[in-house]
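What follows is a single structure, written as C-alpha cells, with notes after it.
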Amino acid sequence: MRINETDGVSASSKHLVFAYYVTGHGFGHATRVVEVVRNLISAGHDVHVVTGAPDFVFTSEIQSPRLFIRKVLLDCGAVQADALTVDRLASLEKYSETAVAPRKSILKDEVEWLNSIKADLVVSDVVPVACRAAADAGIRSVCVTNFSWDFIYAEYVMAAGHHHRSIVWQIAEDYSHCEFLIRLPGYCPMPAFRDVIDVPLVVRRLHKSRKEVRKELGIEDDVKLLILNFGGQILSNSSAYPVSISDMQPAGWKLKEEYLPSGWKCLVCGASDSQLPPNFIKLPKDAYTPDFMAASDCMLGKIGYGTVSEALAYKLPFVFVRRDYFNEEPFLRNMLEFYQGGVEMIRRDLLTGHWKPYLERAISLKPCYEGGINGGELSGARRLRDAIIFGYELQRVPGRDVSIPEWYQTAEDELGLSASRSPPCTPEGDSTVKFTEDFEILHGDCQGLPDTMSFLKSLVELDIIKDSDRTPEKRQMRERKAAAGLFNWEEEIFVARAPGRLDVMGGIADYSGSLVLQMPIREACHVALQKISPSKQRLWKHALARHNDKGQGPMPVLQIVSYGSELSNRGPTFDMDLSDFMDEGKPMSYEKAKKYFDTNPSQKWAAYVAGTILVLMTELGVRFEDSISMLVSSAVPEGKGVSSSASVEVASMSAIAAAHGLNIHPRDLALLCQKVENHIVGAPCGVMDQMASACGEANKLLAMVCQPAELLGVVEIPSHIRFWGIDSGIRHSVGGADYGSVRAGAFMGRKMIKSTASGMLPQSLPSSNGLNNIEPEVDGVELLEAEASLDYLCNLSPHRFEALYAKNIPESIVGEEFSKNYGDHNDPVTVIDPKRTYFVRAPVCHPIYENFRVKAFKALLTAAASDDQLTSLGELLYQCHYSYSACGLGSDGTDRLVQLVQEIQHSKVSKSKDGTLFGAKITGGGSGGTICVIGRNSLRSSEQVLEIQQRYKDATGYLPLIIEGSSPGAGKFGHLRIRRRSVSLKPNQ
C-alpha cells in the first residue's frame, strides 16, 4: 500500500475500517488513542472505538461521522485501592471476572461484531483478547503500547500464589496472535511480541496558548501555577468513569491553604464539589488538561503515560508521588528523570502538606526533552498512524526476535543507565593491610572479599559526586546522588556485611523444627552507617522543612538510602524522626509499626532496615539519642529465594549494634532479625535464613535444629562436592499466599496429630478394675504423651506418623471447619481464613520426612567419596523437590530446571564419563526462585551447569542467574570502622 502526502495530510489509496480496542485502565490510554484516531479519520478511514471510557474523551476532540463508539469493557487494567495504590489481588480477581470467566462468549461476540462492521484491521491498546478475536475472525491485528498486561500481572501473581497464574500465560498467548507491536517510548519488557516498530511519543496537541489560559483564569504572569493531576479511573459494573481526587485519596485528607508557598496557586483536576481553599482552583471534569498543563509552572501527581508524555512535551517539571505495584512506572520515571523533568515527593509529605521544598526544586529544573512528540501524526512510515496503515499490508517477518531486552536482564534501563550495584573488583596487594587509598580501617578486616573492597571504593566515589549536566558520560544514578549527601566525612563510618544463603536441605521444614543445612553464598548486603549528633546531620530538604514547620530544633532523624531501587519499583530513600517509634514514652507496638510501614508500599522496604532499630528498642531496651544515616547496598538478588531480606536485616542490625557498642552474639542477632521479618515486615518465615546470614562460614554448611535455633556447628563440604544455585526467573516471596497457606496447613496437621494422640491416651491407661485395656508398653504411653503435646512436627518420626496418624490427616480442610473442630492452630505468624481451603496432608508429611532426609544427607557428607555417595545425596535432593511440589510450592520454571539436571545426569555421555551432576531441588519458600544443584567439583560440572543455563534460555527466553561460591556470615566478618584519610585520625582504641 502506498501512502501519499498532500499538504501535510496523508491519504490511503484504500478506505479502511479500523476496530480500535482501548483498555479499561486509566485515561492515558484513551487520550493517546484520541490522537491516533483523529489522524486516521482525517486520512479518510472509519474508526470504531471499543472502550469503557466516557464518550466526551473522544467527542470533545473528534467531531466526525467516521467515529463510532462502542461501550464495551473487555479488560479492567489494574484496580486501584486509591490514587496511588494498585490492589494486586483485586486486579487479578477483576480481570478473571471481566475477561476470563466470560472468555468464550467474548470471543463469539467480538468475532461476530468484527465481521458485521467488515473490519480491515484491529488495533489494541492494549486489550489482550482483541488480538485473539481478530485472529479468530481472520483479521490482522497490531498493538500500540508502552507496556503489556502479561508483564504487569506477572508481578501481581506473586502476591496471589498459585491462583491466577494461568492469566499471565493466556494474555501472552493472546498477544502472540498480533502481527507486530507499535512500541511507545518509556516501554517495559514485552516478550510476548515478536516484531516491533518504535515510534515517538503520542501527545495531545494544544488548543490555547499559555497566555490565553492564564488570562481566562485571571492569573498574573508573576504567579507560580501548580496543576494537581492525579487523574485515574475506576471500574463500576462494566463501564469506566472518571473520579474526583477526593474519591481517590486517603479518607479525611483535605487540601489546605498553607500547602502552597506564598505567591502560588493550584489548579485541581477532577475536584469534588467540596469547598477548596482560596488559593486552589477547581477545573471542570471535562477540562482539556494539556492546555492547563502548558500554562502551569509545574505539576504534582502520579506517573502514567499521559502525564509523563505531556510533561516532557511541554517541558513541565513534574513532582510525582509513586504509585504502588504498578510495574510500568519505573520505565516512565527513568525517562522523566533522564530529561531533568522529575522530582519525587514522599507520600507522607504529600498528605501532610510539606510541598514547598519539592516545588522549589521543581521550578529550578530545566527540562530538556527534544524528542518527537508527534507519534500520532501523519507523514512518514515511522509515525504511529502510518505504521498502522502499512502494517495492514505487512506479513510477519521471520527471525525478528524481540524478547526481554538485554539491558533489562543486566539491570540497566532503556536509557543506558548502568546497574546500581557496583561490579566486583579485585583488591590489589595484601588484603591484611589496614587501609585503602582513601579510607583508613580503624577496626576490622576486609578479609580479601572483593565485594567489600568494591563497596569501600563506592563510598570514596560518593564524596566526589556533584550536580552535573545529564550527559550520558556524567550523569549519576539518582540514588547515588541521594547517598552523596548522606554522610559527614569528618566522622567515623561503620560497615557491616551479611551474605544471602543457598538452602541446600531443610527449606520450609524450618518452622516445623527440622534440621537444616544452609550455605552462605558469595553475594552479600553491605550497610554503611554513621551515628551523628542531630546538630551535625545534613537533613534532606523535606525533612528539614518538616522540622521547621513543627518549630523543632535538631532532633534525631533516621535517613536511609537503598541501592537497587529501580529493580523493584521502590523509593530509593526513606527518612523518619526516631521519636516516631515512641508511643506514650514506650517503643510502639510491632503491630503499629507494621501499619506505619504499610501505609506507603513504595517505601515498605524500609521496614527491613528501620525495623531493626525498633526491635533493639523493644527487646534490649536500647535508646537512640543520636541521628543515624544508613546506606544499604545489596548484591543478593531479590525474589530469587536466596534470602535477600535476611541479609539486609542482619547487615543493618550488625551495623547498628557496632556503631552503638552493642555486643550481640550472632545467634541472638539472628533471632532478633527474625522478629523484624515476622512482626514488622509481616512475613511468616522461620529463622534459618537469618541464622545462615549471621552465623554461617565460608565453604561450609551451617547445621541447625530449628527448635527454635539450636546451632550444631558447621559441616565441611567435601572437596569433591560442589553446590550451585540456578535462578528460574520466577519471583519468590515468603510473604506470598502459597508459603503462608502451606505453613498454616502444617500447623493445622500438628494440632490434629496432638488431638489424635490425646484421644488414644485414655485407651492406654489402667481401667477401673486395675487392668489395662490394650496393655501397651510403658514406653508406648510415654510416646503418646509426648505426641499429645508435640511442639514440633519434626519430633515425630516417619514410622510413628505412618503407623498412627497418617490415616487421620485429610488431604485438605476448610478453615472454618478446622476452627470449629480444633480451635486455634497455634501458629503466631499465620492467620486462618475461615473461607479458604488449606492443604494439610502434604504440608504435614513434608517436614516429617524432610527432617529424616536432612539427617541422612548430613551423615552421607562424611562418608567415603564415591559415586554411590553422590547418587544418594542427589536422590535426597530430588525427593525434597517433589515433596515441595506435593505441597503446592513448585513452579513451572523450577520444575523445568530440575528436569534439565536429570536429563544431563542420565544422558549416555554423562554416564560414560562418570557423571558430574547428581541432583537438584527447589529452595527456600518455593513457588519459584532458585534451585540447588549438587555435583562433582570439576570443570565438567561447571560446563554442564552453563549448558543448563543455555537450554533454559532457549526454552523460555530467560537467561538464568547462576549462584556459586561462598563467603563468611556477618558474625565471622565482624564490622569495619573507617574514616577518610584526609581527616586527622584518632588513635585506634
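If you're wondering about the labels, chains in the C-alpha cells are A, B, ... by order shown, residues count from 1 in each chain, ligands from 1 in order shown.
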Can you tell me, as number ranges by chain, what residues are no more than 7 Å from stretch 819-834 of chain A when counting only C-alpha atoms, ignoring any on the same chain fewer than 3 positions away? A: 678, 684, 740, 744, 747-748, 751, 814-816
Rounded to one decimal, what separation in Å do you get between atom CA of A:Ile303 and atom CA of A:Leu181?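 So the answer is 22.8 Å.
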Check the DSSP output for the backbone and give back, as a PyMOL selection string, the residues of stretch 731-909 of chain A in alpha helix (DSSP H). chain A and resi 737-764+778-788+798-800+815-822+841-861+867-887+892-905+908-909
For A:Glu479, which of A:Phe574, A:Phe280, A:Tyr259, A:Tyr153 is the closest residue, counting only C-alpha atoms?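 Of A:Phe574, A:Phe280, A:Tyr259, A:Tyr153, the one nearest A:Glu479, counting only C-alpha atoms, is A:Phe574.
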Applying 9 Å and only C-alpha atoms, which residues near A:Leu873 remain after dropping the ones on its own chain fewer than 5 positions away? List them as a PyMOL selection string. chain A and resi 856-857+860-861+868+878+918-919+934
8 Å contact set for A:Gly500, only C-alpha atoms, chain neighbours under 4 positions out, as a list in words: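 Residues meeting the cut-off are Pro520, Ile521, Arg522, Glu523, Ala524, Cys525, Val636, Val642, Ser643, Ser644, Ala646, Ser647, Asp689, Ala692 and Ser693 of chain A.
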Grab the residues selected above and save them as a PDB file, in the first residue's frame with C-alpha atoms.
ATOM      1  CA  PRO A 520      26.163 -18.670  52.874  1.00  0.00           C
ATOM      2  CA  ILE A 521      26.629 -17.511  49.290  1.00  0.00           C
ATOM      3  CA  ARG A 522      29.168 -15.142  47.760  1.00  0.00           C
ATOM      4  CA  GLU A 523      26.604 -12.381  47.197  1.00  0.00           C
ATOM      5  CA  ALA A 524      26.048 -10.168  50.234  1.00  0.00           C
ATOM      6  CA  CYS A 525      24.479  -6.984  51.551  1.00  0.00           C
ATOM      7  CA  VAL A 636      21.830 -10.576  46.905  1.00  0.00           C
ATOM      8  CA  VAL A 642      18.297 -16.804  48.474  1.00  0.00           C
ATOM      9  CA  SER A 643      17.328 -14.677  51.494  1.00  0.00           C
ATOM     10  CA  SER A 644      17.836 -11.152  50.245  1.00  0.00           C
ATOM     11  CA  ALA A 646      17.520 -11.723  55.798  1.00  0.00           C
ATOM     12  CA  SER A 647      20.850 -10.376  54.541  1.00  0.00           C
ATOM     13  CA  ASP A 689      17.674 -17.535  56.758  1.00  0.00           C
ATOM     14  CA  ALA A 692      22.741 -18.660  57.937  1.00  0.00           C
ATOM     15  CA  SER A 693      23.394 -14.996  57.184  1.00  0.00           C
TER      16      SER A 693
END
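If only C-alpha atoms are the atoms counted, then among A:Leu502, A:Cys298, A:Leu255, A:Ile664 the closest residue to A:Leu350 is A:Leu255.
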Go through A:Leu442, A:Met588, A:Leu631, A:Val157 and flag the residue nearest A:His526, using only C-alpha atoms for the distances. A:Leu631
